[in-house]
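Novice: Encoded as structure tokens, here's the structure I'll be asking about.
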Amino acid sequence: MPAPNRILAPGVTHCCYMKSPPGNVCFLDDSCYDFYLRRLLARSAGFRVQLHAYFLLDDEVLLLLTPRTPFAVSDWLRSVNYCFGEYFRQRYRRPTRVCPRLRAVSEIRGDAAVLDCQKFLELEGSLKLGLEHPGEHHWSSYSRHAFGISHGAGAGDSSHSLSPHRATADYLSAGVEMLYEYREFIARGYTESYHRYLSVRLRHGKPIGVSKRRAPVAA
């Protein structure tokens with residue numbers, strides 16, 4: 001049964017959390033990651049979705065995005081998952097539905113919250129895998145933002161580019177030091193308690209950036 005349409009307010013930034021069905025692993029190797037990510041990036045503009053940052057890991061996906069129409073995200077993800085499901089079935093001869101399903105959507109309110117969530121996505125792979133540097137996890141948007149390069153999907157192809165959020169563009173200064181400044185921004189990280197706060201809320205569809213007291217970001 002296809003996933004129900006999820007109506008998201010156009011022009012409002014959201015973080016979408018996707019998870020494979022219990023007992024299934026979506027991305028079995030780099031080729032699976034690469035296939036899924038290529039479709040995700042290449043089809044975003046056609047479905048009027050601005051994709052700002054992403055994180056993929058075995059059985060889950062987190063996406064920071066801004067839709068331009070109410071059903072843009074549902075239609076986009078349905079198209080990507082259909083293609084990936086066909087690829088997986090033909091490659092592995094398995095009828096099992098392994099595609100990550102949309103589990104939660106969090107509204108991201110305000111530029112500061114957007115920056116917090118983008119940093120979370122850039123760091124999550126290295127933290128969950130115990131890596132020393134976020135660039136070691138090839139299936140997040142970190143290398144695109146921090147070095148202007150990509151691992152695998154769409155390398156060197158402008159049709160596969162991300163859409164920088166205004167908050168990121170406003171935060172970083174223009175010029176040759178921008179990539180260095182971004183790497184320093186990510187390297188500052190968070191306090192452990194604030195990271196847990198973001199992890200729980202983004203995986204349960206809770207808004208980020210509401211006007212309530214929150215744990216401080218590490219300086």
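Residues in the structure tokens are named by chain (A, B, ... in the order shown) and by number from 1 within that chain; ligands are numbered from 1 in the order shown.
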Got a sec: who's within 12 Å of stretch 143-149 of chain A, counting only C-alpha atoms, leaving out chain neighbours fewer than 3 positions off, as a ChimeraX atom specification?

Specialist: /A:52-55,118-119,121-123,133-140,152-158,160-165,168-169,172,176-187

Novice: DSSP says alpha helix (DSSP H) for which residues of stretch 15-60 of chain A? Put them as a list in words?

Specialist: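 The residues of stretch 15-60 of chain A classed as alpha helix (DSSP H) are Asp30, Ser31, Cys32, Tyr33, Asp34, Phe35, Tyr36, Leu37, Arg38, Arg39, Leu40, Leu41, Ala42, Arg43 and Ser44 of chain A.
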
Novice: Please extract the residues of stretch 41-178 of chain A with a backbone DSSP assignment of strand (DSSP E or B) and present them as a ChimeraX atom specification.

Specialist: /A:49-57,60-67,101-108,140

Novice: Looking at A:Glu192, A:Cys26, A:Asp75, A:Leu115, which one is nearest to A:Asp170, with distances taken over only C-alpha atoms?

Specialist: A:Leu115

Novice: If you count only C-alpha atoms, which residues fall within 12 Å of A:Arg97, apart from same-chain ones fewer than 6 positions away, as a PyMOL selection string?

Specialist: chain A and resi 1-2+19-26+81-82+84-89

Novice: Please produce a file of the residues just selected, as a compact mmCIF listing (two decimals), in the first residue's frame, where the atoms kept are N, CA and C atoms.

Specialist:
```
# COMPACT_ATOMS: atom_id res chain seq x y z
N MET A 1 0.85 -1.19 0.00
CA MET A 1 0.00 0.00 0.00
C MET A 1 0.88 1.24 0.00
N PRO A 2 0.64 2.19 -0.91
CA PRO A 2 1.47 3.39 -0.94
C PRO A 2 1.30 4.21 0.32
N LYS A 19 12.62 5.58 8.03
CA LYS A 19 13.15 4.36 8.62
C LYS A 19 12.67 3.16 7.83
N SER A 20 13.57 2.18 7.62
CA SER A 20 13.17 0.94 6.96
C SER A 20 12.26 0.13 7.87
N PRO A 21 11.41 -0.73 7.30
CA PRO A 21 10.57 -1.60 8.14
C PRO A 21 11.43 -2.45 9.07
N PRO A 22 10.90 -2.83 10.23
CA PRO A 22 11.66 -3.62 11.20
C PRO A 22 12.26 -4.87 10.57
N GLY A 23 13.53 -5.11 10.89
CA GLY A 23 14.20 -6.30 10.38
C GLY A 23 14.78 -6.17 9.00
N ASN A 24 14.65 -5.00 8.39
CA ASN A 24 15.17 -4.78 7.04
C ASN A 24 16.28 -3.74 7.05
N VAL A 25 17.26 -3.95 6.20
CA VAL A 25 18.33 -2.97 5.97
C VAL A 25 18.19 -2.47 4.55
N CYS A 26 18.10 -1.17 4.41
CA CYS A 26 17.85 -0.58 3.09
C CYS A 26 19.09 -0.55 2.22
N ASN A 81 11.42 6.14 -3.85
CA ASN A 81 11.30 4.82 -3.27
C ASN A 81 10.84 3.78 -4.29
N TYR A 82 10.00 4.20 -5.21
CA TYR A 82 9.58 3.25 -6.26
C TYR A 82 10.79 2.82 -7.09
N PHE A 84 13.98 2.94 -6.24
CA PHE A 84 14.91 2.15 -5.44
C PHE A 84 14.36 0.75 -5.18
N GLY A 85 13.06 0.64 -4.95
CA GLY A 85 12.46 -0.67 -4.75
C GLY A 85 12.63 -1.58 -5.95
N GLU A 86 12.46 -1.01 -7.16
CA GLU A 86 12.65 -1.80 -8.38
C GLU A 86 14.12 -2.21 -8.53
N TYR A 87 15.02 -1.28 -8.25
CA TYR A 87 16.45 -1.59 -8.32
C TYR A 87 16.80 -2.72 -7.35
N PHE A 88 16.32 -2.61 -6.13
CA PHE A 88 16.64 -3.61 -5.10
C PHE A 88 16.07 -4.97 -5.48
N ARG A 89 14.84 -4.98 -5.97
CA ARG A 89 14.20 -6.25 -6.34
C ARG A 89 14.93 -6.93 -7.48
```

Novice: Need to verify the contact set: stretch 61-71 of chain A, 6 Å, only C-alpha atoms, exclusion of same-chain residues closer than 2 positions in sequence. Can you return it as a ChimeraX atom specification?

Specialist: /A:7-18,48-56,73-74

Novice: Restricted to C-alpha atoms, what would the selected residues look like written as a short mmCIF file (atom, residue, chain, number, x, y, z; two decimals), in the first residue's frame?

Specialist:
```cif
data_model
loop_
_atom_site.label_atom_id
_atom_site.label_comp_id
_atom_site.auth_asym_id
_atom_site.auth_seq_id
_atom_site.Cartn_x
_atom_site.Cartn_y
_atom_site.Cartn_z
CA ILE A 7 0.77 17.78 3.52
CA LEU A 8 3.64 20.14 4.38
CA ALA A 9 3.34 23.90 4.36
CA PRO A 10 5.10 25.35 1.29
CA GLY A 11 8.06 27.55 2.08
CA VAL A 12 8.48 26.13 5.59
CA THR A 13 11.63 24.16 6.39
CA HIS A 14 11.19 20.64 7.76
CA CYS A 15 13.32 17.69 8.78
CA CYS A 16 11.98 14.35 7.56
CA TYR A 17 12.90 11.13 9.36
CA MET A 18 12.64 7.89 7.37
CA ARG A 48 9.76 21.32 -6.24
CA VAL A 49 11.65 20.31 -3.14
CA GLN A 50 14.69 22.28 -1.96
CA LEU A 51 16.99 19.74 -0.31
CA HIS A 52 19.42 21.45 2.07
CA ALA A 53 21.17 18.56 3.85
CA TYR A 54 20.93 14.78 4.19
CA PHE A 55 22.11 11.83 6.26
CA LEU A 56 21.84 8.17 5.21
CA VAL A 73 7.67 15.85 -0.38
CA SER A 74 5.19 12.93 -0.48
#
```

Novice: Any chance you could tabulate, as a Markdown table, the residues of stretch 23-136 of chain A at most 9 Å from stretch 198-201 of chain A with each one's nearest atom pair and distance in Å to one decimal, using only C-alpha atoms, in chain and rising number order?

Specialist:
```
| residue | atom | partner | partner_atom | distance |
| --- | --- | --- | --- | --- |
| A:Ser106 | CA | A:Arg201 | CA | 7.5 |
| A:Asp116 | CA | A:Leu198 | CA | 8.4 |
| A:Cys117 | CA | A:Leu198 | CA | 7.5 |
| A:Phe120 | CA | A:Leu198 | CA | 7.5 |
| A:Glu124 | CA | A:Ser199 | CA | 8.9 |
```

Novice: Hey, can you check how far atom CA of A:Lys206 sits from atom CA of A:Ser79?

Specialist: 25.7 Å
